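One file, run07.cif, carrying mmCIF, C-alpha atoms and all ligand atoms:
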```cif
data_target
#
loop_
_atom_site.label_atom_id
_atom_site.label_comp_id
_atom_site.auth_asym_id
_atom_site.auth_seq_id
_atom_site.Cartn_x
_atom_site.Cartn_y
_atom_site.Cartn_z
CA MET A 29 169.53 -32.08 90.81
CA LYS A 30 173.29 -31.91 90.85
CA VAL A 31 174.76 -28.48 90.16
CA TYR A 32 178.10 -28.01 88.41
CA ALA A 33 179.64 -24.61 87.83
CA THR A 34 182.55 -23.74 85.59
CA TYR A 35 184.29 -21.04 87.50
CA ASN A 36 187.52 -19.11 87.67
CA ILE A 37 188.34 -15.59 88.80
CA LYS A 38 190.41 -15.38 85.62
CA GLY A 39 188.91 -14.75 82.20
CA GLY A 40 189.44 -16.59 78.93
CA VAL A 41 190.47 -19.90 80.47
CA GLY A 42 187.86 -22.24 78.95
CA LYS A 43 184.92 -21.97 81.36
CA THR A 44 182.26 -21.52 78.69
CA THR A 45 183.84 -24.11 76.41
CA ALA A 46 183.74 -26.68 79.21
CA ALA A 47 180.20 -25.78 80.33
CA VAL A 48 178.85 -26.09 76.78
CA ASN A 49 180.60 -29.37 75.97
CA LEU A 50 179.90 -31.04 79.31
CA ALA A 51 176.25 -29.96 79.38
CA TYR A 52 175.88 -31.37 75.87
CA LEU A 53 177.51 -34.67 76.87
CA ALA A 54 175.38 -34.98 79.99
CA ALA A 55 172.23 -34.40 77.93
CA ALA A 56 173.39 -36.77 75.17
CA SER A 57 173.73 -39.51 77.79
CA GLY A 58 170.07 -39.06 78.67
CA ARG A 59 170.25 -36.77 81.69
CA ARG A 60 167.88 -33.81 81.71
CA ALA A 61 170.29 -30.89 81.69
CA LEU A 62 169.95 -27.14 82.15
CA LEU A 63 172.74 -24.72 81.33
CA TRP A 64 172.40 -21.32 82.98
CA ASP A 65 174.47 -18.70 81.23
CA LEU A 66 175.30 -16.22 83.99
CA ASP A 67 177.69 -14.12 81.95
CA PRO A 68 176.45 -10.85 80.38
CA GLN A 69 178.78 -11.60 77.46
CA GLY A 70 176.31 -14.39 76.65
CA ALA A 71 178.89 -16.68 75.03
CA ALA A 72 177.13 -19.94 75.96
CA THR A 73 173.83 -18.44 74.77
CA TYR A 74 175.48 -17.57 71.46
CA LEU A 75 177.04 -21.02 71.07
CA PHE A 76 173.62 -22.64 71.47
CA ARG A 77 172.07 -20.26 68.92
CA VAL A 78 169.66 -18.84 71.47
CA LYS A 79 168.65 -15.16 71.37
CA PRO A 80 170.34 -13.19 74.16
CA ARG A 81 167.11 -11.81 75.47
CA VAL A 82 165.54 -12.39 78.85
CA ARG A 83 162.21 -10.70 79.32
CA GLY A 84 162.45 -8.65 82.49
CA GLY A 85 166.23 -9.16 82.41
CA GLY A 86 168.34 -10.27 85.34
CA HIS A 87 166.13 -8.12 87.57
CA GLY A 88 163.01 -10.10 86.67
CA LEU A 89 164.65 -13.38 87.59
CA ILE A 90 166.43 -12.33 90.75
CA SER A 91 163.43 -10.43 92.10
CA GLY A 92 161.23 -13.45 91.38
CA LYS A 93 158.92 -11.43 89.10
CA ARG A 94 159.73 -13.81 86.26
CA PRO A 95 159.82 -17.51 87.12
CA VAL A 96 162.98 -19.33 86.03
CA ASP A 97 161.10 -22.03 84.10
CA ASP A 98 159.41 -19.29 82.10
CA ALA A 99 162.76 -17.90 80.94
CA VAL A 100 164.22 -21.29 79.95
CA LYS A 101 164.71 -21.99 76.22
CA ALA A 102 165.06 -25.29 74.43
CA THR A 103 168.29 -25.90 72.51
CA ASP A 104 168.67 -27.86 69.27
CA PHE A 105 169.61 -30.88 71.39
CA ASP A 106 167.44 -33.39 73.22
CA ASN A 107 167.33 -33.09 77.01
CA LEU A 108 169.25 -29.81 76.99
CA ASP A 109 167.70 -26.49 77.96
CA LEU A 110 169.35 -23.13 78.30
CA LEU A 111 168.65 -20.20 80.55
CA PRO A 112 170.07 -17.43 78.39
CA ALA A 113 172.03 -14.40 79.50
CA ASP A 114 171.50 -10.91 78.22
CA PHE A 115 173.43 -7.73 78.78
CA SER A 116 171.29 -6.80 81.79
CA TYR A 117 173.18 -9.55 83.64
CA ARG A 118 176.01 -7.04 84.06
CA ASN A 119 173.91 -5.65 86.93
CA MET A 120 173.37 -9.06 88.54
CA ASP A 121 175.52 -8.10 91.53
CA LEU A 122 173.31 -5.11 92.28
CA GLU A 123 170.18 -7.19 91.87
CA LEU A 124 171.53 -9.84 94.23
CA ASP A 125 172.56 -7.19 96.72
CA ASP A 126 168.93 -6.05 96.82
CA ALA A 127 167.61 -9.58 97.19
CA LYS A 128 166.61 -11.00 100.58
CA LYS A 129 169.06 -13.86 100.56
CA ARG A 130 171.90 -12.08 98.83
CA THR A 131 174.35 -15.00 98.83
CA SER A 132 171.90 -17.87 98.33
CA ARG A 133 169.43 -16.38 95.88
CA LEU A 134 170.70 -18.39 92.89
CA ASP A 135 170.53 -21.55 94.99
CA GLN A 136 166.94 -20.70 95.86
CA LEU A 137 166.03 -20.04 92.23
CA LEU A 138 167.62 -23.31 91.12
CA ALA A 139 165.67 -25.18 93.78
CA GLY A 140 162.54 -24.06 91.93
CA VAL A 141 163.50 -26.11 88.85
CA ALA A 142 165.18 -28.99 90.69
CA ASP A 143 162.40 -31.43 89.72
CA ASP A 144 162.70 -30.63 86.02
CA TYR A 145 166.40 -31.47 85.60
CA ASP A 146 168.93 -34.05 86.73
CA ILE A 147 171.86 -31.72 86.21
CA ALA A 148 172.42 -27.98 86.03
CA PHE A 149 175.54 -26.28 84.74
CA LEU A 150 176.29 -22.68 85.63
CA ASP A 151 178.57 -20.81 83.26
CA CYS A 152 180.03 -17.97 85.31
CA PRO A 153 181.56 -14.65 84.39
CA PRO A 154 185.20 -14.24 85.41
CA SER A 155 185.14 -12.48 88.77
CA ALA A 156 185.08 -12.82 92.52
CA SER A 157 181.77 -11.07 93.08
CA LEU A 158 178.41 -11.55 94.69
CA VAL A 159 177.41 -13.60 91.64
CA SER A 160 180.42 -15.83 92.33
CA GLU A 161 179.47 -16.18 96.00
CA ASN A 162 176.01 -17.25 94.90
CA VAL A 163 177.51 -19.75 92.49
CA ILE A 164 179.79 -21.20 95.16
CA ARG A 165 176.75 -21.53 97.39
CA ALA A 166 174.58 -23.15 94.72
CA ALA A 167 177.10 -25.55 93.18
CA ASN A 168 177.90 -29.08 94.31
CA VAL A 169 181.01 -29.10 92.15
CA LEU A 170 183.13 -26.17 90.96
CA LEU A 171 185.00 -27.04 87.80
CA VAL A 172 188.00 -24.79 87.48
CA PRO A 173 189.81 -24.62 84.14
CA LEU A 174 193.43 -23.57 84.56
CA ILE A 175 195.81 -22.55 81.81
CA PRO A 176 199.23 -23.84 82.91
CA ALA A 177 200.89 -20.48 83.69
CA THR A 178 202.44 -19.12 86.87
CA LEU A 179 199.70 -16.53 87.38
CA SER A 180 197.03 -19.22 87.04
CA LEU A 181 198.36 -20.96 90.14
CA HIS A 182 198.33 -17.65 92.00
CA THR A 183 194.71 -17.05 91.01
CA TYR A 184 193.86 -20.65 91.90
CA ALA A 185 195.19 -20.06 95.42
CA GLN A 186 192.97 -16.96 95.66
CA LEU A 187 190.03 -19.00 94.43
CA THR A 188 190.45 -21.81 96.94
CA ARG A 189 190.75 -19.23 99.75
CA PHE A 190 187.62 -17.51 98.48
CA VAL A 191 185.76 -20.84 98.51
CA SER A 192 186.98 -21.78 101.98
CA ASP A 193 185.85 -18.37 103.29
CA THR A 194 182.27 -19.00 102.22
CA PRO A 195 179.90 -20.64 104.69
CA ARG A 196 179.15 -24.34 104.41
CA PRO A 197 177.98 -26.32 102.57
CA ARG A 198 180.86 -25.71 100.17
CA PRO A 199 181.27 -27.22 96.75
CA GLN A 200 183.91 -29.72 95.83
CA VAL A 201 186.60 -27.97 93.79
CA VAL A 202 187.81 -29.91 90.75
CA ALA A 203 190.49 -28.14 88.74
CA PHE A 204 191.60 -29.25 85.30
CA PHE A 205 194.24 -28.00 82.92
CA SER A 206 192.87 -26.26 79.89
CA MET A 207 194.55 -25.08 76.68
CA ALA A 208 197.65 -26.95 77.72
CA ASP A 209 200.61 -27.35 75.41
CA ARG A 210 202.91 -30.17 76.47
CA ARG A 211 205.54 -28.97 74.01
CA LYS A 212 206.06 -25.96 76.25
CA ARG A 213 208.46 -26.61 79.09
CA LEU A 214 206.70 -24.12 81.37
CA HIS A 215 203.34 -25.80 80.81
CA ARG A 216 204.78 -29.21 81.72
CA GLU A 217 206.52 -27.82 84.79
CA ILE A 218 203.43 -26.04 86.05
CA MET A 219 201.22 -29.09 85.58
CA GLU A 220 203.68 -31.06 87.69
CA ALA A 221 204.05 -28.32 90.33
CA MET A 222 200.29 -27.93 90.78
CA PRO A 223 199.44 -28.27 94.47
CA ARG A 224 197.10 -31.24 94.94
CA ASP A 225 196.13 -30.50 98.53
CA ARG A 226 193.61 -27.68 97.98
CA GLY A 227 191.16 -29.53 95.80
CA ARG A 228 191.03 -32.27 93.26
CA VAL A 229 192.96 -31.96 90.03
CA ALA A 230 191.46 -33.97 87.20
CA ASP A 231 193.71 -36.41 85.37
CA THR A 232 192.21 -35.26 82.09
CA VAL A 233 194.11 -32.41 80.47
CA VAL A 234 192.42 -30.43 77.71
CA PRO A 235 195.12 -29.52 75.22
CA SER A 236 195.08 -26.39 73.12
CA MET A 237 193.32 -27.48 69.90
CA ALA A 238 192.22 -25.45 66.90
CA ILE A 239 188.99 -27.45 66.54
CA ILE A 240 187.80 -26.12 69.89
CA GLU A 241 188.04 -22.57 68.56
CA GLN A 242 185.73 -23.64 65.72
CA MET A 243 182.86 -23.95 68.20
CA ALA A 244 182.18 -20.22 67.76
CA GLU A 245 181.91 -20.56 63.99
CA ARG A 246 179.86 -23.75 64.07
CA ARG A 247 177.86 -22.51 67.05
CA ALA A 248 177.71 -26.00 68.51
CA PRO A 249 179.45 -28.16 71.11
CA VAL A 250 182.51 -29.93 69.75
CA PRO A 251 181.13 -33.48 70.37
CA ALA A 252 178.08 -32.45 68.27
CA PHE A 253 179.96 -31.37 65.14
CA ALA A 254 183.12 -33.47 65.48
CA PRO A 255 182.15 -36.51 67.59
CA THR A 256 185.23 -38.55 66.72
CA SER A 257 187.74 -35.72 67.23
CA ARG A 258 190.39 -35.82 69.89
CA ALA A 259 188.78 -32.73 71.42
CA ALA A 260 185.43 -34.50 71.79
CA LYS A 261 187.14 -37.55 73.34
CA CYS A 262 188.90 -35.24 75.74
CA TYR A 263 185.70 -33.67 77.03
CA GLU A 264 184.10 -37.13 77.23
CA GLN A 265 186.98 -38.27 79.40
CA LEU A 266 186.71 -35.15 81.55
CA TRP A 267 182.97 -35.69 81.96
CA THR A 268 183.46 -39.35 82.92
CA GLU A 269 185.95 -38.28 85.55
CA VAL A 270 183.85 -35.43 86.90
CA ARG A 271 180.51 -37.21 86.99
CA ASN A 272 182.04 -40.12 88.88
CA SER A 273 183.51 -37.82 91.51
CA PRO A 274 181.90 -38.27 94.90
N1 LIG A 301 191.36 -26.23 74.57
C1 LIG A 301 191.30 -25.13 73.81
N2 LIG A 301 192.09 -25.00 72.72
C2 LIG A 301 192.04 -23.91 71.94
N3 LIG A 301 191.21 -22.88 72.16
C3 LIG A 301 190.40 -22.93 73.23
C4 LIG A 301 190.39 -24.06 74.11
N4 LIG A 301 189.48 -23.83 75.09
C5 LIG A 301 188.94 -22.63 74.81
N5 LIG A 301 189.49 -22.08 73.71
C6 LIG A 301 189.20 -20.77 73.11
O1 LIG A 301 189.66 -19.79 74.00
C7 LIG A 301 188.72 -18.71 74.08
C8 LIG A 301 188.22 -18.56 75.52
O2 LIG A 301 187.50 -19.74 75.88
P1 LIG A 301 186.17 -19.63 76.75
O3 LIG A 301 185.24 -18.63 76.16
O4 LIG A 301 185.67 -21.00 76.96
O5 LIG A 301 186.80 -19.05 78.09
P2 LIG A 301 186.05 -18.41 79.34
O6 LIG A 301 186.86 -18.76 80.52
O7 LIG A 301 184.63 -18.79 79.34
O8 LIG A 301 186.19 -16.85 79.00
P3 LIG A 301 185.44 -15.64 79.77
O9 LIG A 301 186.19 -15.46 81.04
O10 LIG A 301 185.57 -14.48 78.82
O11 LIG A 301 184.03 -16.06 80.00
C9 LIG A 301 187.62 -19.04 73.09
O12 LIG A 301 187.90 -18.41 71.88
C10 LIG A 301 187.71 -20.55 72.94
O13 LIG A 301 187.29 -20.99 71.67
MG MG A 302 182.90 -17.59 79.44
#
```
Would you mind writing the file out in structure tokens?
Amino acid sequence: MKVYATYNIKGGVGKTTAAVNLAYLAAASGRRALLWDLDPQGAATYLFRVKPRVRGGGHGLISGKRPVDDAVKATDFDNLDLLPADFSYRNMDLELDDAKKRTSRLDQLLAGVADDYDIAFLDCPPSASLVSENVIRAANVLLVPLIPATLSLHTYAQLTRFVSDTPRPRPQVVAFFSMADRRKRLHREIMEAMPRDRGRVADTVVPSMAIIEQMAERRAPVPAFAPTSRAAKCYEQLWTEVRNSP
């Protein structure tokens, strides 16, 4: 089972949007996919119309009292399951701190469902926390959405340092520009100035598009409700690039 995580220390950059669309595309192409919503905000859970309720909460899962496969919910889409978040996930750091393997507990839990899925996506809350350390440990690929702004590059440098400070095996970092507006000079300049030596930068750029914001109203991935849209094509292109990465 290959594990992808959408991750950034920064909030509101398109992590959940990418996780939801890419998990949908992976499942639509016949892969058995699991999306684990790790964010107490539960945005991915909401977008897939799943109730934000985990019996036993984050504590149940992390302590092992509740098996992961028991907490998994089906979505409306073939091959795509969701492990929902609820508000108890805000204490996930404390739960992990109490766990025996505090930085590899999520990896361990995912190993328990590795035979059931080809691909797992982790949708992470914006932070550099113990949850993030666990995600970095568990993921094969970290997908990092970046809004082309000066501070984003600063945060990206922090992120790559954070990743290189974690013990091996480390995930491959694949950044991509998100909510980009090529009409803005600053956006164009930053996309060109992006350092390419700290990780891969995807060729696919996800522009800022109103149809993507509609996901919250439609409560569905964009390729599900607007399969011929430019936005859907964009995530398809991103997925093709990412899934073919070594
Ligand atoms: N390419 C885009 N064009 C326009 N709006 C977008 C785009 N990508 C995401 N958005 C919107 O921006 C907001 C933030 O996106 P999203 O929830 O995916 O970010 P996030 O990084 O997961 O946020 P958080 O850190 O709060 O978890 C949402 O309202 C989403 O619909
Ligand atoms: Mg999110």
Exercise answer, 7 Å around ligand LIG 301 (chain A) with only C-alpha atoms and all ligand atoms, as a list in words: Lys38, Gly39, Gly40, Val41, Gly42, Lys43, Thr44, Thr45, Ala46, Asp67, Ala71, Cys152, Pro153, Pro154, Ser206, Met207, Val234, Pro235, Ser236, Met237, Ala238, Ile240, Glu241, Gln242, Met243 and Ala244 of chain A
Residue neighbourhood region 222-226 of chain A, 10 Å, only C-alpha atoms, exclusion window fewer than 3 positions, as a VMD selection string: chain A and resid 176 178 181 184 to 185 188 to 189 192 201 to 203 205 217 to 219 229 to 230
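When all atoms listed in the file are used to compute distances to Ala127 (chain A), the closest of the residues A:Asn162, A:Ser91, A:Asn107, A:Thr232 turns out to be A:Ser91.
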Nearest to Leu108 (chain A), chosen from A:Arg271, A:Arg216, A:Arg198, A:Arg59, with all atoms listed in the file counted in the distances: A:Arg59
Minimum-distance residue to ligand MG 302 (chain A), chosen among A:Ala47, A:Leu158, A:Ala166, A:Val270 (using only C-alpha atoms and all ligand atoms): A:Ala47
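For the atom pair formed by CA of Met120 (chain A) and CA of Phe204 (chain A), the distance is 27.4 Å, given to one decimal.
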d(CA of Thr194 (chain A), CA of Ser273 (chain A)) in Å: 21.7 Å
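Atom pair CA of Tyr117 (chain A) / CA of Ala55 (chain A) has a distance of 25.5 Å (rounded to one decimal).
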